[in-house]
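*Asks:* Have a look at this one.
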Amino acid sequence: MAVEVVTPREVPLGGPRAMTVRRTLPQKARSLIGAWCFVDHYGPDDVADTGGMLVPPHPHTGLQTVTWLFTGEVEHSDSGGAHAVVRPGAVNLMTAGRGVAHSEVSTPGTTTLHGVQLWVALPTATRDAPRMFEHHEPPAVHVQGATLRVFLGALAGSVSPVRTHTPLLGAEAVLPPGGRLELDVEPAYEHGLLVDSGAVALCGTPLVRGELGYTGVGARRLVVEDLDGEGARLLLLGGTPFGEEIVMWWNFVARSHDEVVEMREEWNARGDRFGEVEGYVGEPAWLPAPELPHVRLRPRGNAPNAVIC
Ligand code: MN
């Protein structure tokens, strides 16, 4: 019956600004939830203190980035030619495929920055897919007093039109004070519930802000209850177990150490694998990849976990 509680670690993003994120995936004990392989949660940050987000052009491979904001605006530019302002309530999904580069900068009008940056690993069959950028604003649906926005997959009758490469779920849920939500979920999926604000119980296990509660395959219904009478904002992620071992390093998702070496060299040599980001004016003009560790990178596996909620 137990829900696994994944606690975040604080990670400074580096660069000229002082933004720190709370990272719940990957962790030693858990690398993936479905194809979700990276969960960074940040804010609410006063941009006057942190300087906001200023991430120069950097590469990605073998993944999709999923940006979901609660407050603030971020300008996205990528080497596929997409320029977009990411706003609360709209999902922005960038498919890296074989290689993409992008920059992310909070807009001058942003005073508070608050959101998540998520990555989805692409399966071998489509991991060299062409670069792509998609934007979708899901409708708010009201269920048992809560408000859901389903940006990927399907939940409570709301279906996102965004195509995914593996079966996935991504949704925001806002629980009113004293709220209780019983959600029928896909039993073939494993799930992670990230607490953005408030305190809740997931199938009886308490979770506080920043924590992620994990349930393995087999659960048919997730029960979420407000614990402190103040309501909560949550993010529910899910998917079928990924089933492939991945090697993750820096901004790359690969299958082996040697692939990572190749990707790193191609990026630092400014190879055409990643393309050019137009219109970025900050310094440095691009982020070089750091040195690789002196040991060979090893694939990440997951502790098997089938928990019935
Ligand atoms: Mn990125």
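Ligands are numbered from 1 in the order shown, residues from 1 within each chain, and chains are lettered A, B, ... in the order they appear in the structure tokens.
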Name each residue within 8 Å of ligand 1, counting only C-alpha atoms and all ligand atoms, as a VMD selection string.

*Replies:* chain A and resid 55 58 to 60 65 101 to 104 251

*Asks:* I want to know what sits within 9 Å of A:Pro44, based on only C-alpha atoms, with residues of the same chain fewer than 2 positions away left out; could you give that as a PyMOL selection string?

*Replies:* chain A and resi 42+46+70-71+112-115

*Asks:* Skip A:Leu93 itself and residues of its chain fewer than 2 positions away, then list as a VMD selection string all residues within 12 Å of it, counting only C-alpha atoms.

*Replies:* chain A and resid 63 to 68 76 78 82 84 86 90 to 91 95 to 96 117 to 120 131 to 137 151 to 152 162 to 164 170

*Asks:* From a backbone DSSP assignment, name each residue in stretch 194-297 of chain A labelled alpha helix (DSSP H), as a VMD selection string.

*Replies:* chain A and resid 257 to 268

*Asks:* Those residues you just picked out, can you put them in a file as a compact mmCIF listing (two decimals), in the first residue's frame with N, CA, C and O atoms?

*Replies:*
```txt
# COMPACT_ATOMS: atom_id res chain seq x y z
N HIS A 257 27.91 5.22 -23.15
CA HIS A 257 28.95 6.20 -22.85
C HIS A 257 29.54 6.75 -24.15
O HIS A 257 29.73 7.98 -24.28
N ASP A 258 29.79 5.87 -25.11
CA ASP A 258 30.43 6.32 -26.35
C ASP A 258 29.55 7.29 -27.13
O ASP A 258 30.05 8.23 -27.75
N GLU A 259 28.26 7.06 -27.09
CA GLU A 259 27.35 8.02 -27.74
C GLU A 259 27.43 9.39 -27.10
O GLU A 259 27.41 10.42 -27.78
N VAL A 260 27.52 9.41 -25.78
CA VAL A 260 27.61 10.70 -25.07
C VAL A 260 28.91 11.41 -25.46
O VAL A 260 28.90 12.62 -25.72
N VAL A 261 30.00 10.66 -25.54
CA VAL A 261 31.28 11.26 -25.93
C VAL A 261 31.15 11.94 -27.29
O VAL A 261 31.57 13.08 -27.49
N GLU A 262 30.50 11.23 -28.22
CA GLU A 262 30.31 11.75 -29.57
C GLU A 262 29.42 13.01 -29.57
O GLU A 262 29.74 14.01 -30.22
N MET A 263 28.33 12.97 -28.84
CA MET A 263 27.42 14.12 -28.77
C MET A 263 28.13 15.34 -28.18
O MET A 263 28.00 16.46 -28.68
N ARG A 264 28.91 15.09 -27.12
CA ARG A 264 29.63 16.19 -26.46
C ARG A 264 30.62 16.82 -27.42
O ARG A 264 30.69 18.05 -27.53
N GLU A 265 31.37 15.98 -28.14
CA GLU A 265 32.37 16.52 -29.08
C GLU A 265 31.70 17.30 -30.21
O GLU A 265 32.17 18.36 -30.59
N GLU A 266 30.60 16.76 -30.72
CA GLU A 266 29.91 17.46 -31.82
C GLU A 266 29.37 18.82 -31.37
O GLU A 266 29.41 19.78 -32.13
N TRP A 267 28.86 18.88 -30.14
CA TRP A 267 28.34 20.17 -29.64
C TRP A 267 29.49 21.17 -29.46
O TRP A 267 29.41 22.30 -29.91
N ASN A 268 30.56 20.71 -28.79
CA ASN A 268 31.65 21.65 -28.52
C ASN A 268 32.37 22.08 -29.80
O ASN A 268 32.97 23.15 -29.83
```

*Asks:* From the list A:Arg149, A:Arg30, A:Arg87, A:His191, which residue is nearest A:Arg233 when using only C-alpha atoms?

*Replies:*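 Using only C-alpha atoms, A:Arg233 sits closest to A:Arg149.
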
*Asks:* Using only C-alpha atoms, which residues sit within 12 Å of stretch 216-223 of chain A once same-chain residues fewer than 5 positions away are excluded, as a compact mmCIF listing (two decimals) with N, CA, C and O atoms, in the first residue's frame?

*Replies:*
```
# COMPACT_ATOMS: atom_id res chain seq x y z
N MET A 1 0.83 -1.20 0.00
CA MET A 1 0.00 0.00 0.00
C MET A 1 0.87 1.25 0.00
O MET A 1 0.39 2.35 -0.24
N ALA A 2 2.16 1.08 0.34
CA ALA A 2 3.00 2.26 0.55
C ALA A 2 3.26 3.00 -0.76
O ALA A 2 3.43 2.41 -1.81
N VAL A 3 3.28 4.31 -0.64
CA VAL A 3 3.70 5.17 -1.74
C VAL A 3 5.15 5.52 -1.47
O VAL A 3 5.53 5.81 -0.35
N GLU A 4 5.98 5.48 -2.52
CA GLU A 4 7.39 5.83 -2.36
C GLU A 4 7.51 7.37 -2.41
O GLU A 4 7.02 7.98 -3.35
N ARG A 30 15.52 6.11 -8.27
CA ARG A 30 14.48 6.14 -9.30
C ARG A 30 14.90 7.08 -10.41
O ARG A 30 15.11 8.27 -10.19
N LEU A 32 13.35 6.97 -13.73
CA LEU A 32 12.28 7.24 -14.69
C LEU A 32 10.92 6.95 -14.05
O LEU A 32 10.79 6.09 -13.18
N ILE A 33 9.92 7.70 -14.51
CA ILE A 33 8.52 7.35 -14.24
C ILE A 33 7.86 7.36 -15.62
O ILE A 33 7.73 8.42 -16.23
N GLY A 34 7.52 6.16 -16.13
CA GLY A 34 7.21 6.08 -17.56
C GLY A 34 8.45 6.57 -18.29
O GLY A 34 9.58 6.24 -17.93
N GLN A 144 -14.82 16.87 -9.17
CA GLN A 144 -14.89 16.73 -7.71
C GLN A 144 -14.34 17.97 -6.99
O GLN A 144 -13.61 17.86 -6.01
N LEU A 155 -6.98 12.07 -18.83
CA LEU A 155 -7.35 11.91 -17.42
C LEU A 155 -8.73 12.51 -17.23
O LEU A 155 -9.01 13.61 -17.74
N ALA A 156 -9.57 11.82 -16.48
CA ALA A 156 -10.91 12.31 -16.12
C ALA A 156 -11.68 12.80 -17.34
O ALA A 156 -12.37 13.81 -17.30
N LEU A 175 -6.36 21.57 -6.10
CA LEU A 175 -7.29 21.01 -5.13
C LEU A 175 -7.78 22.14 -4.22
O LEU A 175 -6.96 22.90 -3.70
N GLY A 179 -10.18 19.61 -0.11
CA GLY A 179 -10.55 18.80 -1.26
C GLY A 179 -10.06 17.36 -1.19
O GLY A 179 -9.08 17.05 -0.53
N ARG A 180 -10.81 16.52 -1.90
CA ARG A 180 -10.44 15.10 -2.02
C ARG A 180 -10.74 14.69 -3.45
O ARG A 180 -11.83 14.95 -3.96
N LEU A 181 -9.78 14.06 -4.09
CA LEU A 181 -9.90 13.73 -5.50
C LEU A 181 -9.64 12.24 -5.67
O LEU A 181 -8.62 11.72 -5.19
N GLU A 182 -10.58 11.57 -6.32
CA GLU A 182 -10.37 10.16 -6.64
C GLU A 182 -10.26 10.07 -8.15
O GLU A 182 -11.23 10.34 -8.86
N LEU A 183 -9.08 9.72 -8.62
CA LEU A 183 -8.84 9.71 -10.06
C LEU A 183 -8.66 8.29 -10.57
O LEU A 183 -7.81 7.54 -10.07
N ASP A 184 -9.48 7.92 -11.55
CA ASP A 184 -9.27 6.62 -12.19
C ASP A 184 -8.09 6.77 -13.14
O ASP A 184 -8.08 7.68 -13.97
N VAL A 185 -7.12 5.90 -12.99
CA VAL A 185 -5.91 6.00 -13.81
C VAL A 185 -5.66 4.69 -14.55
O VAL A 185 -6.24 3.66 -14.23
N GLU A 186 -4.80 4.76 -15.52
CA GLU A 186 -4.44 3.63 -16.37
C GLU A 186 -3.57 2.66 -15.56
O GLU A 186 -2.47 3.03 -15.13
N PRO A 187 -4.05 1.44 -15.31
CA PRO A 187 -3.26 0.54 -14.45
C PRO A 187 -1.91 0.10 -15.06
O PRO A 187 -1.04 -0.35 -14.33
N ALA A 188 -1.75 0.26 -16.37
CA ALA A 188 -0.45 -0.09 -16.98
C ALA A 188 0.60 1.00 -16.74
O ALA A 188 1.77 0.80 -17.06
N TYR A 189 0.16 2.12 -16.17
CA TYR A 189 1.09 3.23 -15.94
C TYR A 189 1.66 3.19 -14.52
O TYR A 189 0.99 2.76 -13.58
N GLU A 190 2.89 3.70 -14.38
CA GLU A 190 3.37 4.12 -13.06
C GLU A 190 3.15 5.63 -12.99
O GLU A 190 3.05 6.30 -14.03
N HIS A 191 3.03 6.18 -11.77
CA HIS A 191 2.69 7.59 -11.60
C HIS A 191 3.60 8.29 -10.61
O HIS A 191 4.10 7.67 -9.67
N GLY A 192 3.74 9.58 -10.82
CA GLY A 192 4.43 10.43 -9.86
C GLY A 192 3.58 11.66 -9.62
O GLY A 192 3.10 12.29 -10.57
N LEU A 193 3.34 11.98 -8.34
CA LEU A 193 2.55 13.17 -8.00
C LEU A 193 3.49 14.18 -7.32
O LEU A 193 4.00 13.92 -6.23
N VAL A 200 -0.53 17.25 0.98
CA VAL A 200 -1.59 16.31 0.61
C VAL A 200 -1.24 14.91 1.08
O VAL A 200 -0.09 14.64 1.46
N ALA A 201 -2.22 14.04 1.06
CA ALA A 201 -1.97 12.61 1.21
C ALA A 201 -2.27 11.96 -0.13
O ALA A 201 -3.31 12.23 -0.74
N LEU A 202 -1.33 11.14 -0.61
CA LEU A 202 -1.56 10.33 -1.80
C LEU A 202 -1.76 8.89 -1.34
O LEU A 202 -0.83 8.28 -0.79
N CYS A 203 -2.97 8.40 -1.51
CA CYS A 203 -3.30 7.05 -1.03
C CYS A 203 -2.85 6.88 0.42
O CYS A 203 -2.28 5.85 0.78
N GLY A 204 -3.04 7.93 1.22
CA GLY A 204 -2.75 7.85 2.65
C GLY A 204 -1.35 8.28 3.04
O GLY A 204 -1.07 8.47 4.22
N THR A 205 -0.45 8.43 2.08
CA THR A 205 0.94 8.81 2.41
C THR A 205 1.09 10.33 2.31
O THR A 205 0.84 10.90 1.25
N PRO A 206 1.52 10.99 3.40
CA PRO A 206 1.64 12.44 3.36
C PRO A 206 2.79 12.90 2.47
O PRO A 206 3.86 12.28 2.44
N LEU A 236 0.57 15.72 -11.90
CA LEU A 236 0.52 14.26 -11.99
C LEU A 236 1.17 13.82 -13.30
O LEU A 236 0.76 14.23 -14.38
N LEU A 237 2.21 12.99 -13.15
CA LEU A 237 2.94 12.47 -14.31
C LEU A 237 2.76 10.95 -14.33
O LEU A 237 2.72 10.32 -13.28
N GLY A 238 2.68 10.37 -15.52
CA GLY A 238 2.55 8.93 -15.58
C GLY A 238 2.96 8.40 -16.94
O GLY A 238 3.16 9.17 -17.89
N GLY A 239 3.08 7.09 -17.00
CA GLY A 239 3.41 6.45 -18.26
C GLY A 239 3.70 4.98 -18.05
O GLY A 239 3.89 4.54 -16.91
N THR A 240 3.73 4.22 -19.15
CA THR A 240 4.11 2.82 -19.04
C THR A 240 5.62 2.76 -18.77
O THR A 240 6.37 3.60 -19.30
N PRO A 241 6.08 1.81 -17.95
CA PRO A 241 7.52 1.73 -17.67
C PRO A 241 8.31 1.77 -18.98
O PRO A 241 7.95 1.11 -19.96
N PHE A 242 9.39 2.55 -18.99
CA PHE A 242 10.07 2.87 -20.25
C PHE A 242 10.68 1.62 -20.90
O PHE A 242 10.69 1.49 -22.11
N ASN A 302 15.95 1.04 -13.07
CA ASN A 302 15.05 1.39 -11.97
C ASN A 302 14.85 0.19 -11.08
O ASN A 302 14.75 -0.94 -11.57
N ALA A 303 14.74 0.45 -9.77
CA ALA A 303 14.29 -0.59 -8.87
C ALA A 303 12.89 -0.97 -9.31
O ALA A 303 12.06 -0.10 -9.53
N PRO A 304 12.64 -2.29 -9.49
CA PRO A 304 11.27 -2.66 -9.86
C PRO A 304 10.33 -2.25 -8.75
O PRO A 304 10.67 -2.31 -7.59
N ASN A 305 9.16 -1.79 -9.11
CA ASN A 305 8.24 -1.35 -8.08
C ASN A 305 6.82 -1.44 -8.61
O ASN A 305 6.43 -0.72 -9.50
N ALA A 306 6.10 -2.38 -8.04
CA ALA A 306 4.69 -2.48 -8.37
C ALA A 306 3.91 -2.25 -7.09
O ALA A 306 3.82 -3.11 -6.24
N VAL A 307 3.42 -1.06 -6.95
CA VAL A 307 2.68 -0.69 -5.74
C VAL A 307 1.23 -0.49 -6.13
O VAL A 307 0.94 0.21 -7.09
N ILE A 308 0.35 -1.13 -5.43
CA ILE A 308 -1.07 -0.90 -5.69
C ILE A 308 -1.53 0.16 -4.71
O ILE A 308 -1.45 0.00 -3.51
N CYS A 309 -2.03 1.24 -5.27
CA CYS A 309 -2.46 2.36 -4.43
C CYS A 309 -3.82 2.06 -3.85
O CYS A 309 -4.68 1.57 -4.54
```
